[in-house]
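Structure data follow from start.cif (mmCIF, C-alpha atoms (C1' of nucleotides)):
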data_work
loop_
_atom_site.group_PDB
_atom_site.id
_atom_site.type_symbol
_atom_site.label_atom_id
_atom_site.label_comp_id
_atom_site.auth_asym_id
_atom_site.auth_seq_id
_atom_site.Cartn_x
_atom_site.Cartn_y
_atom_site.Cartn_z
ATOM 1 C CA MET A 1 -108.482 -98.639 -201.508
ATOM 2 C CA ILE A 2 -106.239 -95.703 -202.233
ATOM 3 C CA LEU A 3 -102.531 -96.189 -202.045
ATOM 4 C CA ILE A 4 -100.765 -93.081 -200.889
ATOM 5 C CA ASN A 5 -97.048 -93.138 -200.421
ATOM 6 C CA LEU A 6 -95.678 -90.529 -198.057
ATOM 7 C CA ASP A 7 -92.106 -89.397 -198.494
ATOM 8 C CA TYR A 8 -90.791 -87.872 -195.301
ATOM 9 C CA GLN A 9 -87.501 -86.927 -196.965
ATOM 10 C CA ASP A 10 -89.351 -84.701 -199.390
ATOM 11 C CA ARG A 11 -89.620 -81.061 -198.405
ATOM 12 C CA THR A 12 -93.236 -81.142 -199.599
ATOM 13 C CA PRO A 13 -95.538 -81.244 -196.568
ATOM 14 C CA ILE A 14 -97.620 -84.338 -196.003
ATOM 15 C CA TYR A 15 -100.937 -82.631 -196.594
ATOM 16 C CA GLU A 16 -99.667 -81.445 -199.951
ATOM 17 C CA GLN A 17 -98.424 -84.893 -200.895
ATOM 18 C CA ILE A 18 -101.917 -86.173 -200.233
ATOM 19 C CA VAL A 19 -103.411 -83.451 -202.383
ATOM 20 C CA ASN A 20 -101.021 -84.218 -205.212
ATOM 21 C CA THR A 21 -101.565 -87.946 -205.057
ATOM 22 C CA ILE A 22 -105.334 -87.741 -205.135
ATOM 23 C CA GLU A 23 -105.289 -85.172 -207.919
ATOM 24 C CA LYS A 24 -103.003 -87.474 -209.832
ATOM 25 C CA TYR A 25 -105.237 -90.494 -209.298
ATOM 26 C CA VAL A 26 -108.208 -88.536 -210.530
ATOM 27 C CA ALA A 27 -106.201 -87.500 -213.556
ATOM 28 C CA VAL A 28 -105.223 -91.020 -214.470
ATOM 29 C CA GLY A 29 -108.660 -92.389 -213.741
ATOM 30 C CA ILE A 30 -107.784 -94.511 -210.755
ATOM 31 C CA LEU A 31 -110.309 -92.423 -208.891
ATOM 32 C CA LYS A 32 -113.519 -91.798 -210.778
ATOM 33 C CA PRO A 33 -116.166 -89.077 -210.479
ATOM 34 C CA LYS A 34 -118.659 -89.601 -207.644
ATOM 35 C CA GLU A 35 -116.500 -92.333 -206.187
ATOM 36 C CA GLN A 36 -116.207 -92.345 -202.440
ATOM 37 C CA ILE A 37 -112.796 -91.911 -200.865
ATOM 38 C CA PRO A 38 -111.736 -92.855 -197.338
ATOM 39 C CA SER A 39 -113.025 -90.854 -194.408
ATOM 40 C CA ILE A 40 -110.664 -88.413 -192.781
ATOM 41 C CA ARG A 41 -110.184 -90.611 -189.768
ATOM 42 C CA GLU A 42 -109.760 -93.770 -191.795
ATOM 43 C CA LEU A 43 -107.106 -92.354 -194.096
ATOM 44 C CA ALA A 44 -105.322 -90.859 -191.119
ATOM 45 C CA THR A 45 -105.186 -94.252 -189.460
ATOM 46 C CA THR A 46 -104.041 -95.960 -192.638
ATOM 47 C CA LEU A 47 -101.234 -93.483 -193.145
ATOM 48 C CA GLY A 48 -100.353 -93.338 -189.487
ATOM 49 C CA ILE A 49 -100.834 -89.596 -189.321
ATOM 50 C CA ASN A 50 -103.084 -87.128 -187.601
ATOM 51 C CA PRO A 51 -106.665 -86.626 -188.813
ATOM 52 C CA ASN A 52 -106.117 -82.879 -188.875
ATOM 53 C CA THR A 53 -103.478 -83.316 -191.531
ATOM 54 C CA VAL A 54 -105.859 -85.276 -193.742
ATOM 55 C CA LYS A 55 -108.542 -82.723 -193.073
ATOM 56 C CA LYS A 56 -106.243 -79.998 -194.312
ATOM 57 C CA ALA A 57 -105.571 -81.919 -197.507
ATOM 58 C CA TYR A 58 -109.285 -82.549 -198.051
ATOM 59 C CA ASP A 59 -110.070 -78.869 -197.484
ATOM 60 C CA ILE A 60 -107.638 -77.912 -200.225
ATOM 61 C CA LEU A 61 -109.009 -80.553 -202.570
ATOM 62 C CA GLU A 62 -112.540 -79.365 -201.908
ATOM 63 C CA ASN A 63 -111.464 -75.830 -202.612
ATOM 64 C CA LYS A 64 -110.053 -76.992 -205.924
ATOM 65 C CA LYS A 65 -113.365 -78.748 -206.661
ATOM 66 C CA VAL A 66 -111.637 -82.091 -206.889
ATOM 67 C CA ILE A 67 -113.725 -83.590 -204.113
ATOM 68 C CA THR A 68 -116.942 -82.836 -202.285
ATOM 69 C CA SER A 69 -117.660 -83.620 -198.669
ATOM 70 C CA PHE A 70 -121.053 -84.312 -197.156
ATOM 71 C CA SER A 71 -121.537 -84.275 -193.434
ATOM 72 C CA THR A 72 -122.231 -87.730 -192.069
ATOM 73 C CA LYS A 73 -122.110 -89.195 -195.558
ATOM 74 C CA GLY A 74 -118.472 -89.046 -196.406
ATOM 75 C CA THR A 75 -116.204 -87.583 -199.049
ATOM 76 C CA TYR A 76 -116.517 -88.143 -202.774
ATOM 77 C CA ILE A 77 -114.704 -87.314 -205.969
ATOM 78 C CA SER A 78 -116.486 -84.474 -207.769
ATOM 79 C CA ASP A 79 -118.807 -85.314 -210.645
ATOM 80 C CA GLN A 80 -117.069 -82.736 -212.813
ATOM 81 C CA THR A 81 -113.336 -83.280 -212.844
ATOM 82 C CA ASP A 82 -112.410 -82.391 -216.423
ATOM 83 C CA LYS A 83 -111.727 -78.682 -215.949
ATOM 84 C CA VAL A 84 -109.755 -79.315 -212.799
ATOM 85 C CA LEU A 85 -107.489 -81.600 -214.727
ATOM 86 C CA GLU A 86 -107.003 -79.176 -217.560
ATOM 87 C CA ASN A 87 -105.895 -76.469 -215.181
ATOM 88 C CA ARG A 88 -103.521 -78.769 -213.433
ATOM 89 C CA LYS A 89 -102.007 -79.909 -216.715
ATOM 90 C CA LYS A 90 -101.499 -76.338 -217.818
ATOM 91 C CA GLU A 91 -99.751 -75.538 -214.565
ATOM 92 C CA GLU A 92 -97.407 -78.454 -214.878
ATOM 93 C CA ILE A 93 -96.658 -77.776 -218.524
ATOM 94 C CA LYS A 94 -95.698 -74.262 -217.528
ATOM 95 C CA ASN A 95 -93.282 -75.763 -215.027
ATOM 96 C CA LEU A 96 -91.891 -78.021 -217.726
ATOM 97 C CA LYS A 97 -91.231 -75.036 -219.961
ATOM 98 C CA LYS A 98 -89.439 -73.278 -217.124
ATOM 99 C CA GLN A 99 -87.247 -76.294 -216.552
ATOM 100 C CA ILE A 100 -86.430 -76.537 -220.245
ATOM 101 C CA GLU A 101 -85.399 -72.892 -220.251
ATOM 102 C CA VAL A 102 -83.071 -73.557 -217.339
ATOM 103 C CA LEU A 103 -81.431 -76.410 -219.218
ATOM 104 C CA LYS A 104 -81.059 -74.428 -222.406
ATOM 105 C CA GLY A 105 -79.487 -71.693 -220.303
ATOM 106 C CA LEU A 106 -76.903 -74.228 -219.225
ATOM 107 C CA GLY A 107 -76.152 -75.100 -222.805
ATOM 108 C CA VAL A 108 -78.077 -78.341 -223.048
ATOM 109 C CA THR A 109 -79.342 -78.915 -226.573
ATOM 110 C CA GLU A 110 -82.884 -79.798 -227.550
ATOM 111 C CA GLN A 111 -81.788 -83.214 -228.801
ATOM 112 C CA GLU A 112 -80.228 -84.022 -225.466
ATOM 113 C CA ILE A 113 -83.420 -83.068 -223.707
ATOM 114 C CA ILE A 114 -85.558 -85.218 -225.974
ATOM 115 C CA LYS A 115 -83.149 -88.082 -225.466
ATOM 116 C CA VAL A 116 -83.457 -87.789 -221.717
ATOM 117 C CA MET A 117 -87.172 -87.807 -222.053
ATOM 118 C CA GLN A 118 -87.391 -90.948 -224.112
ATOM 119 C CA GLU A 119 -84.918 -93.068 -222.211
ATOM 120 C CA LYS A 120 -87.391 -93.801 -219.439
ATOM 121 C CA MET B 1 -71.109 -57.254 -208.495
ATOM 122 C CA ILE B 2 -73.233 -60.328 -208.133
ATOM 123 C CA LEU B 3 -76.944 -60.003 -208.554
ATOM 124 C CA ILE B 4 -78.839 -62.397 -206.373
ATOM 125 C CA ASN B 5 -82.577 -62.277 -206.319
ATOM 126 C CA LEU B 6 -84.223 -63.750 -203.253
ATOM 127 C CA ASP B 7 -87.736 -65.063 -203.569
ATOM 128 C CA TYR B 8 -89.409 -65.202 -200.198
ATOM 129 C CA GLN B 9 -92.505 -66.832 -201.671
ATOM 130 C CA ASP B 10 -90.418 -69.788 -202.749
ATOM 131 C CA ARG B 11 -90.286 -72.667 -200.297
ATOM 132 C CA THR B 12 -86.584 -72.992 -201.055
ATOM 133 C CA PRO B 13 -84.605 -71.621 -198.114
ATOM 134 C CA ILE B 14 -82.571 -68.477 -198.640
ATOM 135 C CA TYR B 15 -79.223 -70.157 -198.155
ATOM 136 C CA GLU B 16 -80.144 -72.655 -200.843
ATOM 137 C CA GLN B 17 -81.242 -69.923 -203.228
ATOM 138 C CA ILE B 18 -77.830 -68.350 -202.804
ATOM 139 C CA VAL B 19 -76.116 -71.655 -203.493
ATOM 140 C CA ASN B 20 -78.190 -72.200 -206.611
ATOM 141 C CA THR B 21 -77.627 -68.719 -207.960
ATOM 142 C CA ILE B 22 -73.875 -68.784 -207.564
ATOM 143 C CA GLU B 23 -73.636 -72.282 -209.022
ATOM 144 C CA LYS B 24 -75.652 -71.124 -211.966
ATOM 145 C CA TYR B 25 -73.489 -68.067 -212.510
ATOM 146 C CA VAL B 26 -70.404 -70.245 -212.451
ATOM 147 C CA ALA B 27 -72.006 -72.655 -214.882
ATOM 148 C CA VAL B 28 -72.929 -69.937 -217.337
ATOM 149 C CA GLY B 29 -69.625 -68.142 -216.949
ATOM 150 C CA ILE B 30 -70.843 -64.964 -215.273
ATOM 151 C CA LEU B 31 -68.515 -65.877 -212.445
ATOM 152 C CA LYS B 32 -65.092 -67.016 -213.563
ATOM 153 C CA PRO B 33 -62.461 -69.216 -211.908
ATOM 154 C CA LYS B 34 -60.335 -67.496 -209.263
ATOM 155 C CA GLU B 35 -62.648 -64.499 -209.271
ATOM 156 C CA GLN B 36 -63.328 -62.987 -205.890
ATOM 157 C CA ILE B 37 -66.881 -62.892 -204.620
ATOM 158 C CA PRO B 38 -68.331 -60.673 -201.884
ATOM 159 C CA SER B 39 -67.363 -61.299 -198.287
ATOM 160 C CA ILE B 40 -69.894 -62.946 -196.056
ATOM 161 C CA ARG B 41 -70.693 -59.732 -194.248
ATOM 162 C CA GLU B 42 -70.888 -57.697 -197.415
ATOM 163 C CA LEU B 43 -73.264 -60.034 -199.198
ATOM 164 C CA ALA B 44 -75.388 -60.275 -196.074
ATOM 165 C CA THR B 45 -75.704 -56.513 -195.964
ATOM 166 C CA THR B 46 -76.480 -56.280 -199.670
ATOM 167 C CA LEU B 47 -79.219 -58.873 -199.403
ATOM 168 C CA GLY B 48 -80.507 -57.556 -196.116
ATOM 169 C CA ILE B 49 -80.083 -60.879 -194.391
ATOM 170 C CA ASN B 50 -78.040 -62.351 -191.590
ATOM 171 C CA PRO B 51 -74.352 -63.154 -192.122
ATOM 172 C CA ASN B 52 -74.912 -66.614 -190.701
ATOM 173 C CA THR B 53 -77.234 -67.401 -193.567
ATOM 174 C CA VAL B 54 -74.623 -66.411 -196.120
ATOM 175 C CA LYS B 55 -72.026 -68.372 -194.204
ATOM 176 C CA LYS B 56 -74.195 -71.440 -194.467
ATOM 177 C CA ALA B 57 -74.493 -70.999 -198.219
ATOM 178 C CA TYR B 58 -70.747 -70.480 -198.596
ATOM 179 C CA ASP B 59 -70.048 -73.584 -196.517
ATOM 180 C CA ILE B 60 -72.168 -75.657 -198.860
ATOM 181 C CA LEU B 61 -70.544 -74.131 -201.928
ATOM 182 C CA GLU B 62 -67.101 -74.798 -200.498
ATOM 183 C CA ASN B 63 -68.124 -78.365 -199.830
ATOM 184 C CA LYS B 64 -69.171 -78.673 -203.451
ATOM 185 C CA LYS B 65 -65.801 -77.249 -204.518
ATOM 186 C CA VAL B 66 -67.464 -74.336 -206.211
ATOM 187 C CA ILE B 67 -65.667 -71.768 -204.092
ATOM 188 C CA THR B 68 -62.667 -71.609 -201.780
ATOM 189 C CA SER B 69 -62.336 -69.399 -198.724
ATOM 190 C CA PHE B 70 -59.117 -68.025 -197.302
ATOM 191 C CA SER B 71 -59.019 -66.566 -193.819
ATOM 192 C CA THR B 72 -58.423 -62.850 -193.909
ATOM 193 C CA LYS B 73 -58.180 -62.910 -197.710
ATOM 194 C CA GLY B 74 -61.725 -63.506 -198.768
ATOM 195 C CA THR B 75 -63.704 -65.983 -200.841
ATOM 196 C CA TYR B 76 -62.990 -66.946 -204.428
ATOM 197 C CA ILE B 77 -64.451 -69.063 -207.183
ATOM 198 C CA SER B 78 -62.518 -72.328 -207.520
ATOM 199 C CA ASP B 79 -59.886 -72.620 -210.210
ATOM 200 C CA GLN B 80 -61.525 -75.813 -211.450
ATOM 201 C CA THR B 81 -65.143 -75.175 -212.373
ATOM 202 C CA ASP B 82 -65.705 -77.600 -215.248
ATOM 203 C CA LYS B 83 -66.969 -80.316 -212.965
ATOM 204 C CA VAL B 84 -69.268 -77.827 -211.325
ATOM 205 C CA LEU B 85 -71.022 -77.271 -214.624
ATOM 206 C CA GLU B 86 -71.354 -81.001 -215.162
ATOM 207 C CA ASN B 87 -72.832 -81.536 -211.715
ATOM 208 C CA ARG B 88 -75.217 -78.685 -212.222
ATOM 209 C CA LYS B 89 -76.420 -80.120 -215.529
ATOM 210 C CA LYS B 90 -76.978 -83.488 -213.930
ATOM 211 C CA GLU B 91 -79.015 -81.892 -211.181
ATOM 212 C CA GLU B 92 -81.174 -79.981 -213.614
ATOM 213 C CA ILE B 93 -81.692 -83.017 -215.805
ATOM 214 C CA LYS B 94 -82.836 -84.842 -212.721
ATOM 215 C CA ASN B 95 -85.342 -82.068 -212.147
ATOM 216 C CA LEU B 96 -86.485 -82.369 -215.739
ATOM 217 C CA LYS B 97 -87.076 -86.069 -215.272
ATOM 218 C CA LYS B 98 -89.080 -85.386 -212.158
ATOM 219 C CA GLN B 99 -91.218 -82.886 -214.005
ATOM 220 C CA ILE B 100 -91.781 -85.319 -216.842
ATOM 221 C CA GLU B 101 -92.873 -87.949 -214.361
ATOM 222 C CA VAL B 102 -95.366 -85.499 -212.926
ATOM 223 C CA LEU B 103 -96.809 -84.851 -216.358
ATOM 224 C CA LYS B 104 -96.998 -88.522 -217.220
ATOM 225 C CA GLY B 105 -98.723 -89.019 -213.901
ATOM 226 C CA LEU B 106 -101.335 -86.577 -215.078
ATOM 227 C CA GLY B 107 -101.880 -88.562 -218.218
ATOM 228 C CA VAL B 108 -99.922 -86.349 -220.589
ATOM 229 C CA THR B 109 -98.436 -88.441 -223.362
ATOM 230 C CA GLU B 110 -94.827 -88.383 -224.445
ATOM 231 C CA GLN B 111 -95.784 -86.943 -227.825
ATOM 232 C CA GLU B 112 -97.551 -84.045 -226.190
ATOM 233 C CA ILE B 113 -94.520 -83.305 -224.074
ATOM 234 C CA ILE B 114 -92.188 -83.340 -227.060
ATOM 235 C CA LYS B 115 -94.559 -81.087 -228.912
ATOM 236 C CA VAL B 116 -94.579 -78.588 -226.058
ATOM 237 C CA MET B 117 -90.835 -78.643 -226.030
ATOM 238 C CA GLN B 118 -90.384 -77.930 -229.703
ATOM 239 C CA GLU B 119 -92.940 -75.183 -230.047
ATOM 240 C CA LYS B 120 -90.809 -72.780 -228.074
ATOM 241 C "C1'" DT C 1 -48.387 -49.703 -184.103
ATOM 242 C "C1'" DC C 2 -53.269 -49.233 -184.829
ATOM 243 C "C1'" DC C 3 -57.424 -50.036 -187.299
ATOM 244 C "C1'" DC C 4 -60.186 -52.449 -190.456
ATOM 245 C "C1'" DT C 5 -61.607 -56.526 -192.773
ATOM 246 C "C1'" DT C 6 -61.398 -61.316 -193.477
ATOM 247 C "C1'" DG C 7 -63.183 -66.160 -192.353
ATOM 248 C "C1'" DT C 8 -64.440 -68.965 -188.562
ATOM 249 C "C1'" DA C 9 -66.929 -70.580 -184.579
ATOM 250 C "C1'" DC C 10 -69.751 -70.536 -181.177
ATOM 251 C "C1'" DT C 11 -74.430 -69.964 -178.240
ATOM 252 C "C1'" DA C 12 -78.940 -68.293 -177.668
ATOM 253 C "C1'" DT C 13 -83.154 -66.895 -179.413
ATOM 254 C "C1'" DC C 14 -86.974 -66.017 -182.519
ATOM 255 C "C1'" DT C 15 -90.212 -67.362 -185.990
ATOM 256 C "C1'" DG C 16 -93.306 -69.750 -188.910
ATOM 257 C "C1'" DC C 17 -95.164 -73.828 -190.461
ATOM 258 C "C1'" DA C 18 -96.200 -78.575 -190.268
ATOM 259 C "C1'" DA C 19 -97.976 -81.891 -187.502
ATOM 260 C "C1'" DT C 20 -99.921 -83.771 -183.332
ATOM 261 C "C1'" DA C 21 -103.245 -84.155 -179.459
ATOM 262 C "C1'" DG C 22 -107.541 -83.724 -177.662
ATOM 263 C "C1'" DT C 23 -112.208 -82.421 -177.333
ATOM 264 C "C1'" DA C 24 -116.734 -81.365 -178.908
ATOM 265 C "C1'" DC C 25 -120.977 -81.090 -181.785
ATOM 266 C "C1'" DA C 26 -124.722 -82.210 -185.142
ATOM 267 C "C1'" DA C 27 -126.429 -85.406 -188.326
ATOM 268 C "C1'" DT C 28 -126.854 -89.824 -190.554
ATOM 269 C "C1'" DT C 29 -126.787 -94.798 -190.760
ATOM 270 C "C1'" DA C 30 -126.858 -99.596 -189.325
ATOM 271 C "C1'" DT D 1 -128.832 -96.932 -179.331
ATOM 272 C "C1'" DA D 2 -124.157 -97.025 -180.962
ATOM 273 C "C1'" DA D 3 -120.979 -96.002 -184.408
ATOM 274 C "C1'" DT D 4 -119.385 -93.096 -188.061
ATOM 275 C "C1'" DT D 5 -119.362 -88.937 -190.698
ATOM 276 C "C1'" DG D 6 -117.594 -84.050 -191.512
ATOM 277 C "C1'" DT D 7 -116.683 -79.938 -189.067
ATOM 278 C "C1'" DA D 8 -114.553 -76.848 -185.827
ATOM 279 C "C1'" DC D 9 -112.087 -75.470 -182.423
ATOM 280 C "C1'" DT D 10 -107.736 -74.763 -179.016
ATOM 281 C "C1'" DA D 11 -103.353 -76.018 -177.331
ATOM 282 C "C1'" DT D 12 -99.033 -78.020 -177.876
ATOM 283 C "C1'" DT D 13 -94.985 -80.020 -179.964
ATOM 284 C "C1'" DG D 14 -91.223 -80.261 -183.203
ATOM 285 C "C1'" DC D 15 -88.190 -78.698 -186.446
ATOM 286 C "C1'" DA D 16 -85.655 -76.025 -189.688
ATOM 287 C "C1'" DG D 17 -84.601 -71.599 -191.161
ATOM 288 C "C1'" DA D 18 -83.149 -67.333 -189.855
ATOM 289 C "C1'" DT D 19 -81.629 -63.819 -186.646
ATOM 290 C "C1'" DA D 20 -78.737 -61.711 -182.952
ATOM 291 C "C1'" DG D 21 -74.662 -61.211 -180.689
ATOM 292 C "C1'" DT D 22 -70.110 -62.109 -179.354
ATOM 293 C "C1'" DA D 23 -65.462 -63.622 -179.853
ATOM 294 C "C1'" DC D 24 -61.010 -64.963 -181.929
ATOM 295 C "C1'" DA D 25 -56.907 -65.187 -185.021
ATOM 296 C "C1'" DA D 26 -54.707 -63.458 -189.003
ATOM 297 C "C1'" DG D 27 -53.587 -60.433 -192.732
ATOM 298 C "C1'" DG D 28 -53.377 -55.702 -195.046
ATOM 299 C "C1'" DG D 29 -52.999 -50.893 -195.172
ATOM 300 C "C1'" DA D 30 -52.170 -46.302 -193.233
#
Go ahead and render the structure in this file as structure tokens.
Amino acid sequence: MILINLDYQDRTPIYEQIVNTIEKYVAVGILKPKEQIPSIRELATTLGINPNTVKKAYDILENKKVITSFSTKGTYISDQTDKVLENRKKEEIKNLKKQIEVLKGLGVTEQEIIKVMQEK
Amino acid sequence: MILINLDYQDRTPIYEQIVNTIEKYVAVGILKPKEQIPSIRELATTLGINPNTVKKAYDILENKKVITSFSTKGTYISDQTDKVLENRKKEEIKNLKKQIEVLKGLGVTEQEIIKVMQEK
DNA sequence: TCCCTTGTACTATCTGCAATAGTACAATTA
DNA sequence: TAATTGTACTATTGCAGATAGTACAAGGGA
């Protein structure tokens, strides 16, 4: 059973939150290759949203090769998820670098940044 | 002359991009206390957008005590901007934390993150 | 005095995107 | 046979951002 937490305060659209969550779960290993995930209708019911919204999320995930859908069979995590993860990591690390540049631009030192990072 | 670069690909609304840019300029010192900034109509024309959008941005900035507006006189950077810088830093550090959470969610270790940070 | 610019304050409208609603079809499975 | 699956539409709703237009009061300069 997948646990997806929707944040309606977030500006990120629901379908994108679903994409992010599933990608994340694949990354951490909560969802494993070839594993079946809920049907569009089922997940929609669980989340209390419209099936079309889930469909949109699944379409994007399929496009990213994170999942594969089979008519009448259901939807499954891809058997090859390594490269997908690598790309995603690279993207996010790029974002991290951007954010660090912003902070340095504001005069925040590297030590401060590291400190922030470790205090969690 | 303020240089504000609008990114229409960004999901961030225009008025918010204006707020962020001016806050940043104040933080870095490009805009100094008591300095006059463009009138609503002027900035709107420069950016090729609607005056109401600029007004919205200015309202938010005034609310944050970054600027002060005087009827018939114009709009000026506040005389007290130290706190502005502090608030801005806090905001950006919050963003950093978010980004770090994203990376940890993808299974990137703390060491890796620190390494990325120092190699720049 | 007259004209221009300033901020302010409305209302109305447009636009694009997210999300919903509803229906339908073919194929598989229990 | 009945239920479930993904797929594929169209139509509609809802909302926030952005635009358009108008109006007013007040100050400054010529």
Quick one: 5 Å padding each side, axis-aligned, all listed atoms of range 5-11 of chain A - centre and edge lengths in Å to one decimal, as JSON?
{"center_x": -92.3, "center_y": -87.1, "center_z": -197.9, "size_x": 19.5, "size_y": 22.1, "size_z": 15.1}
Practice task
Please identify every residue of chain D that has at least one atom no more than 10 Å from any atom of chain B, counting all atoms listed in the file, and report them as a list in words.
Solution key: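 Taking all atoms listed in the file into account, DA16, DG17, DA18, DT19, DA20, DA25, DA26, DG27 and DG28 of chain D sit within 10 Å of chain B.
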Practice task
Could you please determine the separation between CA of Gly105 in chain A and CA of Asn5 in chain B in Å, to one decimal place?
Solution key: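 Spanning CA of Gly105 in chain A to CA of Asn5 in chain B is a straight-line distance of 17.1 Å.
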Which residues of chain B are close to chain C, meaning at most 10 Å apart when you count all atoms listed in the file, and how do they look as a CSV table (one decimal) with C-alpha atoms, in the frame of the given file?
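Result saved to part-v2.csv:
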chain,number,residue,atom,x,y,z
B,39,SER,CA,-67.4,-61.3,-198.3
B,40,ILE,CA,-69.9,-62.9,-196.1
B,41,ARG,CA,-70.7,-59.7,-194.2
B,55,LYS,CA,-72.0,-68.4,-194.2
B,69,SER,CA,-62.3,-69.4,-198.7
B,70,PHE,CA,-59.1,-68.0,-197.3
B,71,SER,CA,-59.0,-66.6,-193.8
B,72,THR,CA,-58.4,-62.8,-193.9
B,73,LYS,CA,-58.2,-62.9,-197.7
B,74,GLY,CA,-61.7,-63.5,-198.8
B,75,THR,CA,-63.7,-66.0,-200.8
Fit chain B to chain A, all Cα atoms paired in order, least squares. Then write it as a compact mmCIF listing (two decimals) with C-alpha atoms, in the coordinates of the input.
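Ended up saving to selection_29.txt:
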# COMPACT_ATOMS: atom_id res chain seq x y z
CA MET B 1 -108.67 -98.48 -201.09
CA ILE B 2 -106.46 -95.57 -201.95
CA LEU B 3 -102.74 -96.06 -201.85
CA ILE B 4 -100.93 -92.94 -200.81
CA ASN B 5 -97.22 -93.03 -200.38
CA LEU B 6 -95.76 -90.34 -198.17
CA ASP B 7 -92.18 -89.31 -198.73
CA TYR B 8 -90.77 -87.68 -195.64
CA GLN B 9 -87.51 -86.88 -197.41
CA ASP B 10 -89.38 -84.72 -199.87
CA ARG B 11 -89.59 -81.05 -198.98
CA THR B 12 -93.21 -81.09 -200.12
CA PRO B 13 -95.46 -81.00 -197.07
CA ILE B 14 -97.57 -84.04 -196.31
CA TYR B 15 -100.88 -82.32 -196.92
CA GLU B 16 -99.65 -81.29 -200.35
CA GLN B 17 -98.48 -84.81 -201.16
CA ILE B 18 -101.98 -86.02 -200.38
CA VAL B 19 -103.50 -83.37 -202.62
CA ASN B 20 -101.17 -84.28 -205.45
CA THR B 21 -101.76 -88.00 -205.15
CA ILE B 22 -105.53 -87.76 -205.16
CA GLU B 23 -105.51 -85.28 -208.04
CA LYS B 24 -103.32 -87.64 -209.97
CA TYR B 25 -105.56 -90.61 -209.28
CA VAL B 26 -108.55 -88.64 -210.47
CA ALA B 27 -106.66 -87.57 -213.57
CA VAL B 28 -105.66 -91.10 -214.46
CA GLY B 29 -109.06 -92.53 -213.60
CA ILE B 30 -108.10 -94.62 -210.59
CA LEU B 31 -110.60 -92.54 -208.68
CA LYS B 32 -113.88 -92.02 -210.48
CA PRO B 33 -116.54 -89.31 -210.22
CA LYS B 34 -118.93 -89.66 -207.28
CA GLU B 35 -116.75 -92.35 -205.75
CA GLN B 36 -116.40 -92.18 -202.00
CA ILE B 37 -112.96 -91.70 -200.52
CA PRO B 38 -111.82 -92.46 -196.97
CA SER B 39 -113.04 -90.29 -194.13
CA ILE B 40 -110.62 -87.82 -192.65
CA ARG B 41 -110.10 -89.89 -189.54
CA GLU B 42 -109.74 -93.13 -191.43
CA LEU B 43 -107.14 -91.84 -193.86
CA ALA B 44 -105.26 -90.22 -191.00
CA THR B 45 -105.10 -93.54 -189.19
CA THR B 46 -104.05 -95.41 -192.32
CA LEU B 47 -101.24 -92.97 -193.00
CA GLY B 48 -100.26 -92.68 -189.37
CA ILE B 49 -100.69 -88.93 -189.35
CA ASN B 50 -102.88 -86.36 -187.70
CA PRO B 51 -106.48 -85.88 -188.85
CA ASN B 52 -105.90 -82.15 -189.08
CA THR B 53 -103.33 -82.73 -191.78
CA VAL B 54 -105.77 -84.76 -193.84
CA LYS B 55 -108.43 -82.14 -193.24
CA LYS B 56 -106.12 -79.52 -194.65
CA ALA B 57 -105.55 -81.59 -197.77
CA TYR B 58 -109.27 -82.22 -198.20
CA ASP B 59 -110.01 -78.52 -197.79
CA ILE B 60 -107.63 -77.71 -200.62
CA LEU B 61 -109.07 -80.45 -202.81
CA GLU B 62 -112.59 -79.21 -202.14
CA ASN B 63 -111.48 -75.72 -203.05
CA LYS B 64 -110.14 -77.07 -206.32
CA LYS B 65 -113.47 -78.82 -206.93
CA VAL B 66 -111.80 -82.18 -206.99
CA ILE B 67 -113.86 -83.53 -204.11
CA THR B 68 -117.03 -82.63 -202.25
CA SER B 69 -117.69 -83.24 -198.57
CA PHE B 70 -121.06 -83.83 -196.97
CA SER B 71 -121.49 -83.57 -193.23
CA THR B 72 -122.22 -86.94 -191.70
CA LYS B 73 -122.17 -88.59 -195.14
CA GLY B 74 -118.53 -88.53 -196.03
CA THR B 75 -116.30 -87.24 -198.81
CA TYR B 76 -116.69 -87.99 -202.50
CA ILE B 77 -114.93 -87.33 -205.77
CA SER B 78 -116.70 -84.56 -207.69
CA ASP B 79 -119.10 -85.50 -210.45
CA GLN B 80 -117.25 -83.20 -212.84
CA THR B 81 -113.60 -84.19 -213.06
CA ASP B 82 -112.72 -83.31 -216.65
CA LYS B 83 -111.53 -79.86 -215.72
CA VAL B 84 -109.46 -81.35 -212.94
CA LEU B 85 -107.48 -83.33 -215.48
CA GLU B 86 -106.96 -80.24 -217.59
CA ASN B 87 -105.73 -78.21 -214.63
CA ARG B 88 -103.43 -80.99 -213.60
CA LYS B 89 -101.92 -81.19 -217.09
CA LYS B 90 -101.35 -77.46 -217.11
CA GLU B 91 -99.60 -77.66 -213.78
CA GLU B 92 -97.34 -80.46 -214.90
CA ILE B 93 -96.53 -78.73 -218.16
CA LYS B 94 -95.56 -75.72 -216.13
CA ASN B 95 -93.22 -77.94 -214.16
CA LEU B 96 -91.79 -79.28 -217.39
CA LYS B 97 -91.09 -75.77 -218.58
CA LYS B 98 -89.36 -74.98 -215.32
CA GLN B 99 -87.19 -78.05 -215.67
CA ILE B 100 -86.31 -77.14 -219.23
CA GLU B 101 -85.31 -73.68 -218.10
CA VAL B 102 -83.03 -75.23 -215.51
CA LEU B 103 -81.35 -77.35 -218.15
CA LYS B 104 -80.95 -74.45 -220.54
CA GLY B 105 -79.47 -72.52 -217.65
CA LEU B 106 -76.88 -75.24 -217.38
CA GLY B 107 -76.01 -74.87 -221.02
CA VAL B 108 -77.86 -77.91 -222.31
CA THR B 109 -79.04 -77.28 -225.85
CA GLU B 110 -82.56 -77.81 -227.10
CA GLN B 111 -81.40 -80.61 -229.38
CA GLU B 112 -79.88 -82.47 -226.48
CA ILE B 113 -83.10 -82.19 -224.53
CA ILE B 114 -85.18 -83.49 -227.41
CA LYS B 115 -82.77 -86.34 -227.85
CA VAL B 116 -83.07 -87.29 -224.19
CA MET B 117 -86.80 -87.23 -224.52
CA GLN B 118 -86.99 -89.51 -227.51
CA GLU B 119 -84.53 -92.12 -226.37
CA LYS B 120 -86.90 -93.38 -223.73
